[in-house]
>>> print(open('protein-v2.csv').read())   # CSV, N, CA and C atoms
chain,number,residue,atom,x,y,z
K,1097,MET,N,0.8,-1.2,0.0
K,1097,MET,CA,0.0,0.0,0.0
K,1097,MET,C,0.9,1.2,0.0
K,1098,GLU,N,0.6,2.2,-0.8
K,1098,GLU,CA,1.4,3.4,-1.0
K,1098,GLU,C,1.1,4.3,0.2
K,1099,PRO,N,2.0,5.1,0.5
K,1099,PRO,CA,1.8,6.1,1.6
K,1099,PRO,C,0.8,7.2,1.1
K,1100,LEU,N,0.1,7.8,2.1
K,1100,LEU,CA,-0.9,8.7,1.8
K,1100,LEU,C,-0.3,9.9,1.1
K,1101,GLY,N,-0.5,9.9,-0.2
K,1101,GLY,CA,0.1,11.0,-1.0
K,1101,GLY,C,-0.9,12.1,-1.3
K,1102,GLY,N,-0.5,13.0,-2.1
K,1102,GLY,CA,-1.3,14.2,-2.4
K,1102,GLY,C,-2.5,13.8,-3.3
K,1103,LYS,N,-2.3,12.8,-4.2
K,1103,LYS,CA,-3.4,12.4,-5.1
K,1103,LYS,C,-4.5,11.7,-4.3
K,1104,SER,N,-4.2,10.8,-3.5
K,1104,SER,CA,-5.2,10.1,-2.7
K,1104,SER,C,-5.9,11.0,-1.7
K,1105,LEU,N,-5.1,11.9,-1.1
K,1105,LEU,CA,-5.7,12.9,-0.2
K,1105,LEU,C,-6.7,13.8,-0.9
K,1106,ALA,N,-6.4,14.2,-2.1
K,1106,ALA,CA,-7.3,15.1,-2.9
K,1106,ALA,C,-8.6,14.3,-3.2
K,1107,TRP,N,-8.4,13.0,-3.6
K,1107,TRP,CA,-9.6,12.2,-3.9
K,1107,TRP,C,-10.5,12.0,-2.7
K,1108,THR,N,-9.9,11.8,-1.5
K,1108,THR,CA,-10.6,11.7,-0.3
K,1108,THR,C,-11.4,12.9,0.1
K,1109,ILE,N,-10.7,14.1,-0.1
K,1109,ILE,CA,-11.4,15.3,0.2
K,1109,ILE,C,-12.6,15.6,-0.8
K,1110,ALA,N,-12.3,15.3,-2.0
K,1110,ALA,CA,-13.4,15.4,-3.1
K,1110,ALA,C,-14.6,14.5,-2.8
K,1111,LEU,N,-14.3,13.3,-2.3
K,1111,LEU,CA,-15.4,12.4,-2.0
K,1111,LEU,C,-16.2,12.9,-0.8
K,1112,GLY,N,-15.5,13.4,0.2
K,1112,GLY,CA,-16.1,13.9,1.4
K,1112,GLY,C,-17.0,15.1,1.1
K,1113,LEU,N,-16.5,16.0,0.3
K,1113,LEU,CA,-17.3,17.2,-0.2
K,1113,LEU,C,-18.5,16.8,-1.0
K,1114,GLY,N,-18.3,15.8,-1.8
K,1114,GLY,CA,-19.4,15.3,-2.7
K,1114,GLY,C,-20.5,14.7,-1.8
K,1115,LEU,N,-20.1,13.9,-0.8
K,1115,LEU,CA,-21.1,13.4,0.1
K,1115,LEU,C,-21.8,14.4,0.9
K,1116,CYS,N,-21.1,15.5,1.3
K,1116,CYS,CA,-21.7,16.6,2.1
K,1116,CYS,C,-22.8,17.3,1.2
K,1117,LEU,N,-22.4,17.5,0.0
K,1117,LEU,CA,-23.3,18.2,-0.9
K,1117,LEU,C,-24.6,17.3,-1.2
K,1118,LEU,N,-24.3,16.0,-1.4
K,1118,LEU,CA,-25.5,15.1,-1.6
K,1118,LEU,C,-26.4,15.1,-0.4
K,1119,GLY,N,-25.8,15.2,0.9
K,1119,GLY,CA,-26.6,15.2,2.1
K,1119,GLY,C,-27.4,16.5,2.1
K,1120,LEU,N,-26.8,17.6,1.8
K,1120,LEU,CA,-27.6,18.9,1.8
K,1120,LEU,C,-28.7,18.9,0.8
K,1121,LEU,N,-28.4,18.3,-0.4
K,1121,LEU,CA,-29.5,18.2,-1.4
K,1121,LEU,C,-30.7,17.4,-0.9
K,1122,LEU,N,-30.4,16.2,-0.3
K,1122,LEU,CA,-31.4,15.4,0.2
K,1122,LEU,C,-32.2,16.1,1.3
K,1123,ALA,N,-31.5,16.8,2.2
K,1123,ALA,CA,-32.2,17.5,3.2
K,1123,ALA,C,-33.1,18.6,2.7
K,1124,ALA,N,-32.7,19.3,1.6
K,1124,ALA,CA,-33.5,20.3,1.0
K,1124,ALA,C,-34.8,19.7,0.4
K,1125,VAL,N,-34.6,18.6,-0.3
K,1125,VAL,CA,-35.7,17.9,-0.9
K,1125,VAL,C,-36.8,17.5,0.2
K,1126,GLU,N,-36.3,16.9,1.3
K,1126,GLU,CA,-37.2,16.5,2.4
K,1126,GLU,C,-37.9,17.7,3.0
K,1127,LEU,N,-37.2,18.8,3.2
K,1127,LEU,CA,-37.8,19.9,3.7
K,1127,LEU,C,-38.9,20.5,2.9
K,1128,SER,N,-38.6,20.6,1.6
K,1128,SER,CA,-39.7,21.1,0.7
K,1128,SER,C,-40.9,20.1,0.6
K,1129,ARG,N,-40.6,18.8,0.7
K,1129,ARG,CA,-41.7,17.8,0.6
K,1129,ARG,C,-42.5,17.9,1.9
K,1130,HIS,N,-41.9,18.2,3.0
K,1130,HIS,CA,-42.6,18.3,4.3
K,1130,HIS,C,-43.4,19.6,4.3
K,1131,ALA,N,-42.9,20.7,3.7
K,1131,ALA,CA,-43.6,21.9,3.6
K,1131,ALA,C,-44.9,21.8,2.7
K,1132,GLU,N,-44.8,21.0,1.6
K,1132,GLU,CA,-45.9,20.7,0.7
K,1132,GLU,C,-47.0,20.0,1.4
K,1133,ILE,N,-46.6,19.0,2.2
K,1133,ILE,CA,-47.6,18.2,3.0
K,1133,ILE,C,-48.3,19.1,4.0
K,1134,THR,N,-47.6,19.9,4.7
K,1134,THR,CA,-48.1,20.8,5.7
K,1134,THR,C,-49.1,21.8,5.1
K,1135,SER,N,-48.7,22.3,3.9
K,1135,SER,CA,-49.6,23.3,3.3
K,1135,SER,C,-50.9,22.7,2.7
K,1136,MET,N,-50.9,21.4,2.5
K,1136,MET,CA,-52.1,20.7,2.1
K,1136,MET,C,-53.2,20.6,3.2
K,1137,LEU,N,-52.7,20.6,4.4
K,1137,LEU,CA,-53.6,20.3,5.6
K,1137,LEU,C,-53.5,21.5,6.5
K,1138,PRO,N,-54.0,22.7,6.2
K,1138,PRO,CA,-53.9,23.8,7.1
K,1138,PRO,C,-54.8,23.7,8.3
K,1139,GLU,N,-55.9,23.0,8.1
K,1139,GLU,CA,-56.8,22.9,9.3
K,1139,GLU,C,-56.3,22.0,10.3
K,1140,ALA,N,-55.4,21.1,9.9
K,1140,ALA,CA,-54.9,20.1,10.9
K,1140,ALA,C,-53.8,20.9,11.7
K,1141,ALA,N,-53.2,21.8,11.2
K,1141,ALA,CA,-52.1,22.5,11.9
K,1141,ALA,C,-52.7,23.6,12.8
K,1142,GLU,N,-53.7,24.3,12.4
K,1142,GLU,CA,-54.3,25.4,13.2
K,1142,GLU,C,-55.8,25.4,13.2
K,1143,PRO,N,-56.4,24.9,14.2
K,1143,PRO,CA,-57.9,24.9,14.3
K,1143,PRO,C,-58.4,26.3,14.3
K,1144,GLU,N,-59.6,26.5,13.8
K,1144,GLU,CA,-60.3,27.8,13.7
K,1144,GLU,C,-61.3,27.9,14.8
K,1145,LEU,N,-60.8,27.8,16.1
K,1145,LEU,CA,-61.7,27.9,17.2
K,1145,LEU,C,-61.4,29.3,17.8
K,1146,PRO,N,-62.4,30.0,18.3
K,1146,PRO,CA,-62.2,31.3,19.0
K,1146,PRO,C,-61.4,31.1,20.3
K,1147,ILE,N,-60.5,31.9,20.5
K,1147,ILE,CA,-59.7,31.8,21.8
K,1147,ILE,C,-60.4,32.7,22.8
K,1148,LYS,N,-60.7,32.1,23.9
K,1148,LYS,CA,-61.3,32.8,25.0
K,1148,LYS,C,-60.3,33.2,26.1
K,1149,HIS,N,-60.2,34.5,26.4
K,1149,HIS,CA,-59.3,34.9,27.4
K,1149,HIS,C,-60.1,35.4,28.6
K,1150,GLU,N,-59.6,35.1,29.7
K,1150,GLU,CA,-60.2,35.6,31.0
K,1150,GLU,C,-59.7,37.0,31.2
K,1151,PRO,N,-60.5,37.9,31.7
K,1151,PRO,CA,-60.0,39.3,32.0
K,1151,PRO,C,-58.8,39.2,32.9
K,1152,VAL,N,-57.9,40.1,32.6
K,1152,VAL,CA,-56.6,40.1,33.3
K,1152,VAL,C,-56.3,41.5,33.9
K,1153,ASP,N,-55.8,41.6,35.1
K,1153,ASP,CA,-55.4,42.9,35.6
K,1153,ASP,C,-54.1,43.2,34.9
K,1154,ASN,N,-54.0,44.3,34.2
K,1154,ASN,CA,-52.8,44.7,33.4
K,1154,ASN,C,-51.9,45.5,34.2
K,1155,THR,N,-52.1,45.7,35.5
K,1155,THR,CA,-51.2,46.5,36.3
K,1155,THR,C,-49.9,45.7,36.6
K,1156,TYR,N,-48.8,46.3,36.3
K,1156,TYR,CA,-47.5,45.6,36.6
K,1156,TYR,C,-47.1,45.8,38.0
K,1157,ARG,N,-46.8,44.8,38.7
K,1157,ARG,CA,-46.4,44.8,40.1
K,1157,ARG,C,-45.0,44.1,40.2
K,1158,ASP,N,-44.0,44.9,40.5
K,1158,ASP,CA,-42.7,44.3,40.6
K,1158,ASP,C,-42.6,43.4,41.9
K,1159,PRO,N,-42.2,42.2,41.8
K,1159,PRO,CA,-42.2,41.3,43.0
K,1159,PRO,C,-41.2,41.8,44.0
K,1160,ALA,N,-40.1,42.5,43.6
K,1160,ALA,CA,-39.1,43.0,44.6
K,1160,ALA,C,-39.7,44.1,45.5
K,1161,LEU,N,-40.7,44.9,44.9
K,1161,LEU,CA,-41.3,46.0,45.7
K,1161,LEU,C,-42.2,45.5,46.8
K,1162,ALA,N,-42.6,44.3,46.8
K,1162,ALA,CA,-43.5,43.7,47.8
K,1162,ALA,C,-42.8,43.6,49.2
K,1163,ALA,N,-41.4,43.5,49.2
K,1163,ALA,CA,-40.7,43.3,50.4
K,1163,ALA,C,-40.5,44.7,51.1
K,1164,TRP,N,-40.6,45.8,50.4
K,1164,TRP,CA,-40.4,47.1,51.1
K,1164,TRP,C,-41.7,47.6,51.8
K,1165,MET,N,-41.5,48.1,52.9
K,1165,MET,CA,-42.6,48.7,53.6
K,1165,MET,C,-42.9,50.1,53.1
K,1166,THR,N,-44.1,50.4,52.9
K,1166,THR,CA,-44.5,51.8,52.4
K,1166,THR,C,-44.8,52.7,53.6
K,1167,PRO,N,-44.5,53.9,53.5
K,1167,PRO,CA,-44.7,54.8,54.7
K,1167,PRO,C,-46.2,55.2,54.8
>>> encode(input="protein-v2.csv", output="structure tokens")
Amino acid sequence: MEPLGGKSLAWTIALGLGLCLLGLLLAAVELSRHAEITSMLPEAAEPELPIKHEPVDNTYRDPALAAWMTP
């Protein structure tokens, strides 16, 4: 077996970069496919029910101020 020369190192790097690009391409295809499936079923993702909120006191009270005595 020959020592690790420049030619075999270049081929190894090229193979690694090619596999990385292939992985990115497959990930992009899966992402777009998942986006298409989600867009076909909008009612499954977000139901159209009215959201009921209880009335809330909007006055801010700092929890640190509760420890101080007021004159």
>>> atom_distance(input="protein-v2.csv", atom1="atom N of Gly1114 in chain K", atom2="atom C of Gly1102 in chain K")
16.0 Å
>>> atom_distance(input="protein-v2.csv", atom1="atom C of Ala1106 in chain K", atom2="CA of Leu1118 in chain K")
17.0 Å
>>> atom_distance(input="protein-v2.csv", atom1="CA of Leu1105 in chain K", atom2="CA of Leu1120 in chain K")
22.8 Å
>>> build_atoms(input="protein-v2.csv", residues="range 1107-1118 of chain K", atoms="all heavy atoms", output="PDB file, in the frame of the given file")
ATOM      1  N   TRP K1107      -8.400  13.000  -3.600  1.00  0.00           N
ATOM      2  CA  TRP K1107      -9.600  12.200  -3.900  1.00  0.00           C
ATOM      3  C   TRP K1107     -10.500  12.000  -2.700  1.00  0.00           C
ATOM      4  O   TRP K1107     -11.737  12.026  -2.724  1.00  0.00           O
ATOM      5  CB  TRP K1107      -9.245  10.863  -4.481  1.00  0.00           C
ATOM      6  CG  TRP K1107      -8.966  10.931  -5.952  1.00  0.00           C
ATOM      7  CD1 TRP K1107      -7.759  10.852  -6.561  1.00  0.00           C
ATOM      8  CD2 TRP K1107      -9.924  11.122  -6.991  1.00  0.00           C
ATOM      9  NE1 TRP K1107      -7.896  10.977  -7.913  1.00  0.00           N
ATOM     10  CE2 TRP K1107      -9.228  11.138  -8.212  1.00  0.00           C
ATOM     11  CE3 TRP K1107     -11.304  11.277  -7.018  1.00  0.00           C
ATOM     12  CZ2 TRP K1107      -9.852  11.313  -9.439  1.00  0.00           C
ATOM     13  CZ3 TRP K1107     -11.934  11.452  -8.242  1.00  0.00           C
ATOM     14  CH2 TRP K1107     -11.216  11.468  -9.431  1.00  0.00           C
ATOM     15  N   THR K1108      -9.900  11.800  -1.500  1.00  0.00           N
ATOM     16  CA  THR K1108     -10.600  11.700  -0.300  1.00  0.00           C
ATOM     17  C   THR K1108     -11.400  12.900   0.100  1.00  0.00           C
ATOM     18  O   THR K1108     -12.561  12.865   0.479  1.00  0.00           O
ATOM     19  CB  THR K1108      -9.653  11.281   0.886  1.00  0.00           C
ATOM     20  OG1 THR K1108      -8.914  10.122   0.512  1.00  0.00           O
ATOM     21  CG2 THR K1108     -10.404  11.017   2.166  1.00  0.00           C
ATOM     22  N   ILE K1109     -10.700  14.100  -0.100  1.00  0.00           N
ATOM     23  CA  ILE K1109     -11.400  15.300   0.200  1.00  0.00           C
ATOM     24  C   ILE K1109     -12.600  15.600  -0.800  1.00  0.00           C
ATOM     25  O   ILE K1109     -13.649  16.007  -0.399  1.00  0.00           O
ATOM     26  CB  ILE K1109     -10.396  16.496   0.191  1.00  0.00           C
ATOM     27  CG1 ILE K1109      -9.458  16.375   1.399  1.00  0.00           C
ATOM     28  CG2 ILE K1109     -11.093  17.846   0.204  1.00  0.00           C
ATOM     29  CD1 ILE K1109      -8.303  17.351   1.382  1.00  0.00           C
ATOM     30  N   ALA K1110     -12.300  15.300  -2.000  1.00  0.00           N
ATOM     31  CA  ALA K1110     -13.400  15.400  -3.100  1.00  0.00           C
ATOM     32  C   ALA K1110     -14.600  14.500  -2.800  1.00  0.00           C
ATOM     33  O   ALA K1110     -15.733  14.916  -2.893  1.00  0.00           O
ATOM     34  CB  ALA K1110     -12.810  15.137  -4.436  1.00  0.00           C
ATOM     35  N   LEU K1111     -14.300  13.300  -2.300  1.00  0.00           N
ATOM     36  CA  LEU K1111     -15.400  12.400  -2.000  1.00  0.00           C
ATOM     37  C   LEU K1111     -16.200  12.900  -0.800  1.00  0.00           C
ATOM     38  O   LEU K1111     -17.388  12.833  -0.757  1.00  0.00           O
ATOM     39  CB  LEU K1111     -14.795  10.971  -1.697  1.00  0.00           C
ATOM     40  CG  LEU K1111     -15.801   9.897  -1.287  1.00  0.00           C
ATOM     41  CD1 LEU K1111     -16.768   9.621  -2.427  1.00  0.00           C
ATOM     42  CD2 LEU K1111     -15.075   8.633  -0.870  1.00  0.00           C
ATOM     43  N   GLY K1112     -15.500  13.400   0.200  1.00  0.00           N
ATOM     44  CA  GLY K1112     -16.100  13.900   1.400  1.00  0.00           C
ATOM     45  C   GLY K1112     -17.000  15.100   1.100  1.00  0.00           C
ATOM     46  O   GLY K1112     -18.141  15.223   1.539  1.00  0.00           O
ATOM     47  N   LEU K1113     -16.500  16.000   0.300  1.00  0.00           N
ATOM     48  CA  LEU K1113     -17.300  17.200  -0.200  1.00  0.00           C
ATOM     49  C   LEU K1113     -18.500  16.800  -1.000  1.00  0.00           C
ATOM     50  O   LEU K1113     -19.568  17.340  -0.857  1.00  0.00           O
ATOM     51  CB  LEU K1113     -16.404  18.176  -0.931  1.00  0.00           C
ATOM     52  CG  LEU K1113     -15.397  18.969  -0.103  1.00  0.00           C
ATOM     53  CD1 LEU K1113     -14.510  19.816  -1.015  1.00  0.00           C
ATOM     54  CD2 LEU K1113     -16.095  19.841   0.906  1.00  0.00           C
ATOM     55  N   GLY K1114     -18.300  15.800  -1.800  1.00  0.00           N
ATOM     56  CA  GLY K1114     -19.400  15.300  -2.700  1.00  0.00           C
ATOM     57  C   GLY K1114     -20.500  14.700  -1.800  1.00  0.00           C
ATOM     58  O   GLY K1114     -21.703  14.946  -2.018  1.00  0.00           O
ATOM     59  N   LEU K1115     -20.100  13.900  -0.800  1.00  0.00           N
ATOM     60  CA  LEU K1115     -21.100  13.400   0.100  1.00  0.00           C
ATOM     61  C   LEU K1115     -21.800  14.400   0.900  1.00  0.00           C
ATOM     62  O   LEU K1115     -23.028  14.333   1.197  1.00  0.00           O
ATOM     63  CB  LEU K1115     -20.450  12.322   1.037  1.00  0.00           C
ATOM     64  CG  LEU K1115     -20.020  11.023   0.363  1.00  0.00           C
ATOM     65  CD1 LEU K1115     -19.262  10.143   1.351  1.00  0.00           C
ATOM     66  CD2 LEU K1115     -21.230  10.287  -0.195  1.00  0.00           C
ATOM     67  N   CYS K1116     -21.100  15.500   1.300  1.00  0.00           N
ATOM     68  CA  CYS K1116     -21.700  16.600   2.100  1.00  0.00           C
ATOM     69  C   CYS K1116     -22.800  17.300   1.200  1.00  0.00           C
ATOM     70  O   CYS K1116     -23.868  17.596   1.651  1.00  0.00           O
ATOM     71  CB  CYS K1116     -20.682  17.552   2.555  1.00  0.00           C
ATOM     72  SG  CYS K1116     -19.701  16.944   3.927  1.00  0.00           S
ATOM     73  N   LEU K1117     -22.400  17.500   0.000  1.00  0.00           N
ATOM     74  CA  LEU K1117     -23.300  18.200  -0.900  1.00  0.00           C
ATOM     75  C   LEU K1117     -24.600  17.300  -1.200  1.00  0.00           C
ATOM     76  O   LEU K1117     -25.682  17.827  -1.326  1.00  0.00           O
ATOM     77  CB  LEU K1117     -22.634  18.577  -2.253  1.00  0.00           C
ATOM     78  CG  LEU K1117     -21.633  19.718  -2.150  1.00  0.00           C
ATOM     79  CD1 LEU K1117     -20.901  19.887  -3.473  1.00  0.00           C
ATOM     80  CD2 LEU K1117     -22.311  21.001  -1.744  1.00  0.00           C
ATOM     81  N   LEU K1118     -24.300  16.000  -1.400  1.00  0.00           N
ATOM     82  CA  LEU K1118     -25.500  15.100  -1.600  1.00  0.00           C
ATOM     83  C   LEU K1118     -26.400  15.100  -0.400  1.00  0.00           C
ATOM     84  O   LEU K1118     -27.615  15.158  -0.494  1.00  0.00           O
ATOM     85  CB  LEU K1118     -24.939  13.725  -1.830  1.00  0.00           C
ATOM     86  CG  LEU K1118     -26.000  12.645  -2.059  1.00  0.00           C
ATOM     87  CD1 LEU K1118     -26.802  12.949  -3.312  1.00  0.00           C
ATOM     88  CD2 LEU K1118     -25.354  11.278  -2.133  1.00  0.00           C
TER      89      LEU K1118
END
